[in-house]
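S.K.: Coordinates in entry-v2.pdb, PDB, C-alpha atoms, are listed below.
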ATOM      1  CA  MET Y  10     -13.716 127.724 -18.610
ATOM      2  CA  PRO Y  11     -10.077 126.873 -17.891
ATOM      3  CA  TYR Y  12      -9.486 123.232 -17.080
ATOM      4  CA  HIS Y  13      -8.111 123.843 -13.597
ATOM      5  CA  ASN Y  14     -11.316 125.523 -12.502
ATOM      6  CA  GLN Y  15     -13.423 122.500 -13.229
ATOM      7  CA  PRO Y  16     -13.930 120.325 -10.201
ATOM      8  CA  ALA Y  17     -12.676 116.789 -10.777
ATOM      9  CA  ARG Y  18     -15.294 114.099 -11.098
ATOM     10  CA  PHE Y  19     -14.540 110.684 -12.446
ATOM     11  CA  GLU Y  20     -15.069 106.971 -12.040
ATOM     12  CA  VAL Y  21     -12.546 104.141 -11.939
ATOM     13  CA  SER Y  22     -13.600 100.485 -12.233
ATOM     14  CA  VAL Y  23     -11.621  97.299 -11.694
ATOM     15  CA  GLU Y  24     -12.364  93.593 -11.602
ATOM     16  CA  THR Y  25     -11.813  91.880  -8.245
ATOM     17  CA  GLY Y  26      -8.771  89.666  -7.790
ATOM     18  CA  ALA Y  27      -5.315  89.609  -6.222
ATOM     19  CA  MET Y  28      -4.070  92.659  -8.120
ATOM     20  CA  ALA Y  29      -7.359  94.603  -8.129
ATOM     21  CA  VAL Y  30      -6.355  97.066  -5.439
ATOM     22  CA  ARG Y  31      -3.012  97.902  -7.077
ATOM     23  CA  HIS Y  32      -4.703  98.423 -10.442
ATOM     24  CA  ALA Y  33      -7.406 100.610  -8.938
ATOM     25  CA  LEU Y  34      -4.896 102.760  -7.033
ATOM     26  CA  ASP Y  35      -2.750 103.098 -10.159
ATOM     27  CA  LYS Y  36      -5.701 104.435 -12.141
ATOM     28  CA  LEU Y  37      -7.001 106.564  -9.295
ATOM     29  CA  MET Y  38      -3.704 108.245  -8.459
ATOM     30  CA  SER Y  39      -3.010 109.111 -12.100
ATOM     31  CA  ARG Y  40      -6.500 110.616 -12.457
ATOM     32  CA  LEU Y  41      -5.779 112.738  -9.376
ATOM     33  CA  GLU Y  42      -2.490 114.071 -10.749
ATOM     34  CA  PRO Y  43      -4.033 117.254 -12.260
ATOM     35  CA  LEU Y  44      -5.106 118.282  -8.742
ATOM     36  CA  LYS Y  45      -1.438 118.567  -7.747
ATOM     37  CA  LEU Y  46      -2.022 117.314  -4.211
ATOM     38  CA  GLU Y  47       0.805 117.573  -1.674
ATOM     39  CA  ILE Y  48       2.745 114.310  -1.266
ATOM     40  CA  GLU Y  49       1.297 113.939   2.221
ATOM     41  CA  GLU Y  50      -2.223 114.393   0.856
ATOM     42  CA  SER Y  51      -1.894 111.890  -1.971
ATOM     43  CA  GLY Y  52      -0.322 109.452   0.510
ATOM     44  CA  THR Y  53      -3.417 109.775   2.691
ATOM     45  CA  VAL Y  54      -5.779 109.222  -0.247
ATOM     46  CA  GLU Y  55      -3.846 106.166  -1.414
ATOM     47  CA  LEU Y  56      -3.796 104.641   2.071
ATOM     48  CA  VAL Y  57      -7.495 105.191   2.834
ATOM     49  CA  ILE Y  58      -8.693 103.889  -0.536
ATOM     50  CA  ALA Y  59      -6.257 100.939  -0.328
ATOM     51  CA  GLU Y  60      -7.697  99.919   3.032
ATOM     52  CA  ALA Y  61     -11.294 100.297   1.837
ATOM     53  CA  LEU Y  62     -10.589  98.242  -1.307
ATOM     54  CA  ASN Y  63      -8.622  95.593   0.599
ATOM     55  CA  ASN Y  64     -11.758  95.044   2.674
ATOM     56  CA  VAL Y  65     -13.916  94.638  -0.419
ATOM     57  CA  VAL Y  66     -11.520  92.109  -1.959
ATOM     58  CA  GLU Y  67     -10.907  90.156   1.261
ATOM     59  CA  HIS Y  68     -14.353  90.161   2.856
ATOM     60  CA  GLY Y  69     -16.745  91.068   0.028
ATOM     61  CA  TYR Y  70     -15.326  88.440  -2.319
ATOM     62  CA  PRO Y  71     -13.754  85.785  -0.055
ATOM     63  CA  ASP Y  72     -14.068  83.104  -2.751
ATOM     64  CA  PRO Y  73     -11.242  83.639  -5.292
ATOM     65  CA  ASN Y  74     -13.374  82.025  -8.022
ATOM     66  CA  GLU Y  75     -16.033  84.678  -7.583
ATOM     67  CA  TYR Y  76     -15.567  87.786  -9.710
ATOM     68  CA  GLY Y  77     -17.149  91.173  -9.575
ATOM     69  CA  LEU Y  78     -16.569  94.777 -10.456
ATOM     70  CA  ILE Y  79     -15.591  97.456  -8.001
ATOM     71  CA  HIS Y  80     -16.499 101.020  -8.936
ATOM     72  CA  ILE Y  81     -14.836 104.018  -7.349
ATOM     73  CA  LEU Y  82     -16.434 107.407  -7.905
ATOM     74  CA  CYS Y  83     -14.433 110.440  -6.947
ATOM     75  CA  SER Y  84     -15.689 114.011  -6.855
ATOM     76  CA  GLN Y  85     -13.929 117.140  -5.745
ATOM     77  CA  GLU Y  86     -16.018 119.229  -3.398
ATOM     78  CA  HIS Y  87     -15.372 122.381  -1.373
ATOM     79  CA  ASN Y  88     -14.425 120.344   1.707
ATOM     80  CA  GLY Y  89     -12.259 117.731   0.049
ATOM     81  CA  LEU Y  90     -12.485 114.665  -2.134
ATOM     82  CA  ARG Y  91     -15.616 112.593  -1.810
ATOM     83  CA  PHE Y  92     -15.373 108.915  -2.679
ATOM     84  CA  GLU Y  93     -18.097 106.371  -3.267
ATOM     85  CA  ILE Y  94     -17.043 102.741  -3.548
ATOM     86  CA  LYS Y  95     -19.608 100.306  -4.957
ATOM     87  CA  ASP Y  96     -19.439  96.526  -5.243
ATOM     88  CA  LYS Y  97     -21.762  93.545  -5.383
ATOM     89  CA  GLY Y  98     -19.837  91.451  -2.863
ATOM     90  CA  ARG Y  99     -21.062  90.125   0.490
ATOM     91  CA  PRO Y 100     -22.617  92.729   2.786
ATOM     92  CA  MET Y 101     -20.786  93.952   5.873
ATOM     93  CA  PRO Y 102     -21.596  91.880   8.958
ATOM     94  CA  ASN Y 103     -24.304  93.595  11.059
ATOM     95  CA  GLY Y 104     -24.907  95.970   8.165
ATOM     96  CA  GLN Y 105     -22.238  98.416   9.294
ATOM     97  CA  PRO Y 106     -18.504  98.898   9.131
ATOM     98  CA  PRO Y 107     -16.417  98.058  12.217
ATOM     99  CA  PHE Y 108     -15.882 100.866  14.750
ATOM    100  CA  GLY Y 109     -12.206 100.988  13.931
ATOM    101  CA  PHE Y 110     -10.769 101.184  17.419
ATOM    102  CA  ALA Y 111      -6.994 101.425  17.528
ATOM    103  CA  PRO Y 112      -5.518  97.991  18.299
ATOM    104  CA  ASP Y 113      -3.510  97.995  21.545
ATOM    105  CA  VAL Y 114       0.227  97.875  20.846
ATOM    106  CA  THR Y 115       1.343  98.173  24.483
ATOM    107  CA  VAL Y 116       1.467  94.393  24.865
ATOM    108  CA  ALA Y 117       4.070  91.621  24.914
ATOM    109  CA  LEU Y 118       5.793  90.846  21.627
ATOM    110  CA  ASP Y 119       3.838  87.634  21.033
ATOM    111  CA  ASP Y 120       0.545  89.471  21.505
ATOM    112  CA  LEU Y 121       1.248  92.329  19.099
ATOM    113  CA  PRO Y 122      -1.614  92.753  16.618
ATOM    114  CA  GLU Y 123      -0.868  91.840  12.994
ATOM    115  CA  GLY Y 124      -4.222  93.050  11.717
ATOM    116  CA  GLY Y 125      -7.205  95.178  12.608
ATOM    117  CA  PHE Y 126      -5.545  98.405  11.523
ATOM    118  CA  GLY Y 127      -7.460  98.871   8.283
ATOM    119  CA  TRP Y 128     -10.667 100.341   9.648
ATOM    120  CA  PHE Y 129      -8.772 102.292  12.263
ATOM    121  CA  LEU Y 130      -6.777 104.027   9.513
ATOM    122  CA  ILE Y 131      -9.913 104.703   7.452
ATOM    123  CA  LYS Y 132     -11.794 106.199  10.411
ATOM    124  CA  ASP Y 133      -8.732 108.158  11.527
ATOM    125  CA  LEU Y 134      -7.934 109.709   8.150
ATOM    126  CA  ALA Y 135     -11.361 110.034   6.493
ATOM    127  CA  ARG Y 136     -14.511 111.938   7.456
ATOM    128  CA  ASP Y 137     -18.235 111.238   6.998
ATOM    129  CA  VAL Y 138     -17.687 107.495   6.566
ATOM    130  CA  SER Y 139     -20.989 105.830   5.818
ATOM    131  CA  TYR Y 140     -22.063 102.427   4.573
ATOM    132  CA  GLU Y 141     -25.311 101.291   3.042
ATOM    133  CA  ARG Y 142     -26.458  98.066   1.447
ATOM    134  CA  GLN Y 143     -28.629  99.078  -1.518
ATOM    135  CA  GLY Y 144     -30.265  96.011  -3.036
ATOM    136  CA  ASN Y 145     -27.372  93.674  -3.771
ATOM    137  CA  GLU Y 146     -24.776  96.447  -3.705
ATOM    138  CA  ASN Y 147     -22.442  97.746  -1.032
ATOM    139  CA  HIS Y 148     -22.065 101.535  -1.014
ATOM    140  CA  LEU Y 149     -19.278 102.980   1.072
ATOM    141  CA  THR Y 150     -18.898 106.738   1.024
ATOM    142  CA  LEU Y 151     -16.236 108.834   2.694
ATOM    143  CA  ARG Y 152     -14.534 112.199   2.416
ATOM    144  CA  ILE Y 153     -10.874 113.026   2.666
ATOM    145  CA  SER Y 154     -10.019 116.663   3.438
ATOM    146  CA  VAL Y 155      -7.389 117.197   0.772
ATOM    147  CA  GLY Y 156      -7.068 119.444  -2.265
ATOM    148  CA  LEU Y 157      -8.858 122.310  -0.568
ATOM    149  CA  SER Y 158      -8.664 125.554  -2.488
TER     150      SER Y 158
ATOM    151  CA  MET K  12       9.153  90.247  -3.392
ATOM    152  CA  GLU K  13      12.868  90.830  -3.776
ATOM    153  CA  LEU K  14      15.034  91.247  -0.693
ATOM    154  CA  SER K  15      18.783  91.754  -0.765
ATOM    155  CA  THR K  16      20.991  91.187   2.265
ATOM    156  CA  LYS K  17      24.351  92.259   3.548
ATOM    157  CA  THR K  18      25.751  90.716   6.719
ATOM    158  CA  GLU K  19      28.259  92.334   9.036
ATOM    159  CA  ASP K  20      29.651  90.961  12.324
ATOM    160  CA  SER K  21      26.933  92.330  14.566
ATOM    161  CA  PHE K  22      23.956  92.802  12.250
ATOM    162  CA  ARG K  23      22.363  91.921   8.928
ATOM    163  CA  ILE K  24      20.844  94.488   6.610
ATOM    164  CA  VAL K  25      17.789  93.287   4.664
ATOM    165  CA  SER K  26      16.865  95.728   1.890
ATOM    166  CA  VAL K  27      13.430  95.627   0.280
ATOM    167  CA  GLN K  28      13.864  96.072  -3.480
ATOM    168  CA  ASP K  29      10.159  96.600  -4.237
ATOM    169  CA  THR K  30       8.328  99.919  -3.895
ATOM    170  CA  ARG K  31       5.256  98.506  -2.155
ATOM    171  CA  ILE K  32       4.556  96.209   0.777
ATOM    172  CA  ASP K  33       0.798  95.759   0.498
ATOM    173  CA  ALA K  34      -1.908  93.090   0.670
ATOM    174  CA  ALA K  35      -0.825  91.691  -2.719
ATOM    175  CA  VAL K  36       2.654  90.736  -1.427
ATOM    176  CA  ALA K  37       2.272  90.572   2.375
ATOM    177  CA  ILE K  38       2.497  86.754   2.594
ATOM    178  CA  GLU K  39       5.372  86.631   0.137
ATOM    179  CA  PHE K  40       7.189  89.306   2.155
ATOM    180  CA  LYS K  41       6.683  87.362   5.407
ATOM    181  CA  ASP K  42       8.096  84.175   3.827
ATOM    182  CA  ALA K  43      11.084  86.005   2.353
ATOM    183  CA  MET K  44      11.806  87.653   5.711
ATOM    184  CA  ARG K  45      11.728  84.275   7.470
ATOM    185  CA  GLN K  46      14.336  82.972   5.074
ATOM    186  CA  GLN K  47      16.558  85.999   5.561
ATOM    187  CA  THR K  48      16.308  86.081   9.374
ATOM    188  CA  ASP K  49      16.323  82.365  10.211
ATOM    189  CA  ASP K  50      20.038  82.441  10.826
ATOM    190  CA  GLY K  51      22.629  85.190  11.140
ATOM    191  CA  PRO K  52      23.174  87.977  13.667
ATOM    192  CA  ASP K  53      20.613  88.831  16.356
ATOM    193  CA  ILE K  54      20.163  92.335  14.992
ATOM    194  CA  VAL K  55      18.402  92.795  11.655
ATOM    195  CA  ILE K  56      18.039  96.200  10.027
ATOM    196  CA  LEU K  57      15.157  96.264   7.572
ATOM    197  CA  ASP K  58      16.012  98.875   4.952
ATOM    198  CA  LEU K  59      12.763 100.400   3.667
ATOM    199  CA  SER K  60      14.290 103.270   1.697
ATOM    200  CA  GLN K  61      12.932 101.959  -1.652
ATOM    201  CA  VAL K  62       9.421 101.463  -0.249
ATOM    202  CA  GLN K  63       6.989 104.222  -1.219
ATOM    203  CA  PHE K  64       3.791 102.633   0.088
ATOM    204  CA  ILE K  65       2.770 100.303   2.847
ATOM    205  CA  ASP K  66      -0.770  99.369   3.908
ATOM    206  CA  SER K  67      -2.080  97.675   7.061
ATOM    207  CA  SER K  68      -1.373  94.222   5.576
ATOM    208  CA  GLY K  69       2.244  95.221   4.946
ATOM    209  CA  LEU K  70       2.480  96.620   8.459
ATOM    210  CA  GLY K  71       1.091  93.334   9.819
ATOM    211  CA  ALA K  72       3.687  91.385   7.823
ATOM    212  CA  ILE K  73       6.537  93.444   9.318
ATOM    213  CA  VAL K  74       5.105  92.893  12.820
ATOM    214  CA  ALA K  75       4.859  89.154  12.098
ATOM    215  CA  SER K  76       8.507  89.144  10.997
ATOM    216  CA  MET K  77       9.565  90.695  14.281
ATOM    217  CA  LYS K  78       7.483  88.188  16.275
ATOM    218  CA  TYR K  79       9.043  85.337  14.318
ATOM    219  CA  MET K  80      12.543  86.541  15.252
ATOM    220  CA  GLY K  81      11.604  86.397  18.938
ATOM    221  CA  ALA K  82      12.060  88.669  21.940
ATOM    222  CA  ASP K  83      15.819  88.068  22.205
ATOM    223  CA  ARG K  84      16.543  89.562  18.803
ATOM    224  CA  THR K  85      16.048  93.049  17.346
ATOM    225  CA  LEU K  86      14.333  94.141  14.153
ATOM    226  CA  ALA K  87      15.127  97.780  13.451
ATOM    227  CA  LEU K  88      13.523  99.710  10.582
ATOM    228  CA  ALA K  89      15.517 102.200   8.558
ATOM    229  CA  GLY K  90      14.989 104.657   5.717
ATOM    230  CA  LEU K  91      11.268 105.216   6.182
ATOM    231  CA  THR K  92       9.770 107.483   3.529
ATOM    232  CA  PRO K  93       7.195 109.997   4.887
ATOM    233  CA  THR K  94       4.139 108.006   3.746
ATOM    234  CA  VAL K  95       5.523 104.812   5.298
ATOM    235  CA  GLU K  96       6.506 106.586   8.509
ATOM    236  CA  LYS K  97       2.968 107.919   8.798
ATOM    237  CA  VAL K  98       1.458 104.416   8.924
ATOM    238  CA  PHE K  99       3.775 103.482  11.796
ATOM    239  CA  ARG K 100       3.026 106.733  13.617
ATOM    240  CA  LEU K 101      -0.779 106.567  13.280
ATOM    241  CA  THR K 102      -0.925 102.958  14.494
ATOM    242  CA  ARG K 103       1.550 103.704  17.330
ATOM    243  CA  MET K 104       3.807 100.988  15.949
ATOM    244  CA  ASP K 105       6.568 103.609  16.034
ATOM    245  CA  SER K 106       6.717 102.861  19.780
ATOM    246  CA  VAL K 107       7.255  99.142  19.149
ATOM    247  CA  PHE K 108      10.106  99.266  16.623
ATOM    248  CA  SER K 109      13.444 101.063  16.635
ATOM    249  CA  LEU K 110      13.041 103.482  13.723
ATOM    250  CA  PHE K 111      15.874 105.221  11.906
ATOM    251  CA  SER K 112      15.243 107.819   9.239
ATOM    252  CA  THR K 113      18.308 106.673   7.291
ATOM    253  CA  LEU K 114      20.091 103.360   6.814
ATOM    254  CA  ASP K 115      23.393 105.070   7.674
ATOM    255  CA  GLY K 116      21.943 106.180  11.008
ATOM    256  CA  ALA K 117      20.948 102.619  11.884
ATOM    257  CA  VAL K 118      24.303 101.196  10.787
ATOM    258  CA  GLU K 119      26.138 103.763  12.910
ATOM    259  CA  GLU K 120      24.000 102.895  15.937
ATOM    260  CA  PHE K 121      24.531  99.143  15.732
ATOM    261  CA  ARG K 122      28.155  99.181  14.656
ATOM    262  CA  ALA K 123      29.164 100.992  17.850
TER     263      ALA K 123
END
How does the structure come out when it is put into structure tokens?

M.R.:
Amino acid sequence: MPYHNQPARFEVSVETGAMAVRHALDKLMSRLEPLKLEIEESGTVELVIAEALNNVVEHGYPDPNEYGLIHILCSQEHNGLRFEIKDKGRPMPNGQPPFGFAPDVTVALDDLPEGGFGWFLIKDLARDVSYERQGNENHLTLRISVGLS
Amino acid sequence: MELSTKTEDSFRIVSVQDTRIDAAVAIEFKDAMRQQTDDGPDIVILDLSQVQFIDSSGLGAIVASMKYMGADRTLALAGLTPTVEKVFRLTRMDSVFSLFSTLDGAVEEFRA
């Protein structure tokens, strides 16, 4: 079977730390190259996965002396790319991801939000976002509607 | 985080020399911007034409830089690549900043 007909399915793993997200995105984006996504599509994938991984590094492993592995599984399906992100960091508060409401920007300069955009961007750009704590592992799954044939 | 600057009579251009403003460099970027905007003209044009990727932490750092400059001064953003522009558009921050698709466009606007 020709290579381009095989749906992509791969796993990328990185150790937590200050440069973890950059390393993971580097690996991920080069593994996605054979799919020849549009620039807009690969930009969306990079942004969504960056925000999801930033959350793992910042909130899952708040102690910089604590190390862990983050696994990112990617599979190409008929309705887009499905991602599963697994880590053994702290669970999400209340056992679920934030709603991801858009922060209000129609405010005075001093009150402009400097954060709170991460989950908004994930929820805005990804579909079927779901989170589960399985044993001592966080499992975040989501789908991004890109690379549709 | 490398920034280069060029100062004219009415504005200062601050050009980001890195390709990413993300969580790994957000604090460094904020500090560098403070240094470059502490003095000088009231109008600062942030040249983002080399920047290929920005995440919500990078966006927050740019917002913080504008807040630090204060309401009497202007931080305009120029040379946004499509992926960067998208982050501003989705978060509605495109309504908060003056955006210029090219550095030349911003320079023309503020030189007049």

S.K.: Selected by the PyMOL selection byres ((chain K) within 8 of (chain Y)) in the shown coordinates: which residues, as a ChimeraX atom specification?

M.R.: /K:34-35,64-68,70-72,74-75,78,81-82,93-94,101-104,107

S.K.: Compile the contact shell of Tyr70 of chain Y as a list in words: residues with an atom at most 10 Å away, counting only C-alpha atoms, same-chain residues fewer than 5 positions apart removed.

M.R.: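 Non-adjacent residues within range: Thr25, Gly26, Asn64, Val65, Glu75, Tyr76, Gly77, Asp96, Lys97, Gly98, Arg99 and Pro100 of chain Y.
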
S.K.: Could you list, as a list in words, every residue within 12 Å of Ser26 of chain K, counting all atoms listed in the file and ignoring same-chain residues fewer than 5 positions away?

M.R.: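 Returned residues: Met12, Glu13, Leu14, Ser15, Thr16, Lys17, Thr18, Phe40, Ala43, Met44, Gln47, Val55, Ile56, Leu57, Asp58, Leu59, Ser60, Gln61, Val62, Ala87, Leu88, Ala89, Gly90, Leu91 and Leu114 of chain K.
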
S.K.: Using atom CA of Pro102 of chain Y and atom CA of Gly69 of chain Y as the two end points, give the distance in Å to one decimal.

M.R.: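 Distance between the two atoms: 10.2 Å.
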
S.K.: What is the atom CA of Ile58 of chain Y to atom CA of Lys95 of chain Y distance in Å?

M.R.: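 Computing the Euclidean distance for atom CA of Ile58 of chain Y and atom CA of Lys95 of chain Y yields 12.3 Å.
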
S.K.: Enter the distance from atom CA of Ile79 of chain Y to atom CA of Leu34 of chain Y, in Å, rounded to one decimal.

M.R.: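 Here the two named atoms are 12.0 Å from each other.
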
S.K.: Neighbours of Val21 of chain Y within 9 Å (all atoms listed in the file; same-chain residues fewer than 6 positions away dropped), as a list in words?

M.R.: Ala33, Lys36, Leu37, Arg40, Ile79, His80, Ile81, Leu82 and Cys83 of chain Y

S.K.: How would the residues just picked look written out with C-alpha atoms as an mmCIF file, in the coordinates of the input?

M.R.:
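In the end it all went to out-v9.cif:
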data_model
loop_
_atom_site.group_PDB
_atom_site.id
_atom_site.type_symbol
_atom_site.label_atom_id
_atom_site.label_comp_id
_atom_site.auth_asym_id
_atom_site.auth_seq_id
_atom_site.Cartn_x
_atom_site.Cartn_y
_atom_site.Cartn_z
ATOM 1 C CA ALA Y 33 -7.406 100.610 -8.938
ATOM 2 C CA LYS Y 36 -5.701 104.435 -12.141
ATOM 3 C CA LEU Y 37 -7.001 106.564 -9.295
ATOM 4 C CA ARG Y 40 -6.500 110.616 -12.457
ATOM 5 C CA ILE Y 79 -15.591 97.456 -8.001
ATOM 6 C CA HIS Y 80 -16.499 101.020 -8.936
ATOM 7 C CA ILE Y 81 -14.836 104.018 -7.349
ATOM 8 C CA LEU Y 82 -16.434 107.407 -7.905
ATOM 9 C CA CYS Y 83 -14.433 110.440 -6.947
#

S.K.: Which residues match the PyMOL selection byres ((chain Y and resi 105) around 12) in the file above, as a PyMOL selection string?

M.R.: chain Y and resi 100-104+106-109+128+138-142+147-149

S.K.: I need the chosen residues saved as a PDB file, in the coordinates of the input, with C-alpha atoms.

M.R.:
ATOM      1  CA  PRO Y 100     -22.617  92.729   2.786  1.00  0.00           C
ATOM      2  CA  MET Y 101     -20.786  93.952   5.873  1.00  0.00           C
ATOM      3  CA  PRO Y 102     -21.596  91.880   8.958  1.00  0.00           C
ATOM      4  CA  ASN Y 103     -24.304  93.595  11.059  1.00  0.00           C
ATOM      5  CA  GLY Y 104     -24.907  95.970   8.165  1.00  0.00           C
ATOM      6  CA  PRO Y 106     -18.504  98.898   9.131  1.00  0.00           C
ATOM      7  CA  PRO Y 107     -16.417  98.058  12.217  1.00  0.00           C
ATOM      8  CA  PHE Y 108     -15.882 100.866  14.750  1.00  0.00           C
ATOM      9  CA  GLY Y 109     -12.206 100.988  13.931  1.00  0.00           C
ATOM     10  CA  TRP Y 128     -10.667 100.341   9.648  1.00  0.00           C
ATOM     11  CA  VAL Y 138     -17.687 107.495   6.566  1.00  0.00           C
ATOM     12  CA  SER Y 139     -20.989 105.830   5.818  1.00  0.00           C
ATOM     13  CA  TYR Y 140     -22.063 102.427   4.573  1.00  0.00           C
ATOM     14  CA  GLU Y 141     -25.311 101.291   3.042  1.00  0.00           C
ATOM     15  CA  ARG Y 142     -26.458  98.066   1.447  1.00  0.00           C
ATOM     16  CA  ASN Y 147     -22.442  97.746  -1.032  1.00  0.00           C
ATOM     17  CA  HIS Y 148     -22.065 101.535  -1.014  1.00  0.00           C
ATOM     18  CA  LEU Y 149     -19.278 102.980   1.072  1.00  0.00           C
TER      19      LEU Y 149
END

S.K.: Apply the PyMOL selection byres ((chain Y and resi 152) around 7) to the displayed file and report the matching residues as a list in words.

M.R.: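 Applied to this file, the PyMOL selection byres ((chain Y and resi 152) around 7) returns Gly89, Leu90, Arg91, Phe92, Ala135, Arg136, Asp137, Leu151, Ile153 and Ser154 of chain Y.
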
S.K.: How big is the axis-aligned box around all listed atoms of segment 113-116 of chain K once 8 Å goes on each side, and where's its centre, in Å to one decimal, as JSON?

M.R.:
{"center_x": 20.9, "center_y": 105.0, "center_z": 8.9, "size_x": 21.1, "size_y": 19.3, "size_z": 20.2}

S.K.: So which one's closest to Phe108 of chain K, K:Leu86, K:Ile54, K:Met80, K:Ile38? Using all atoms listed in the file, please.

M.R.: K:Leu86

S.K.: Using all atoms listed in the file, which of the listed residues (Y:Leu62, Y:Ile131, Y:Val54, Y:Ile94) sits closest to His32 of chain Y?

M.R.: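 Distance minimum relative to His32 of chain Y lands on Y:Leu62.
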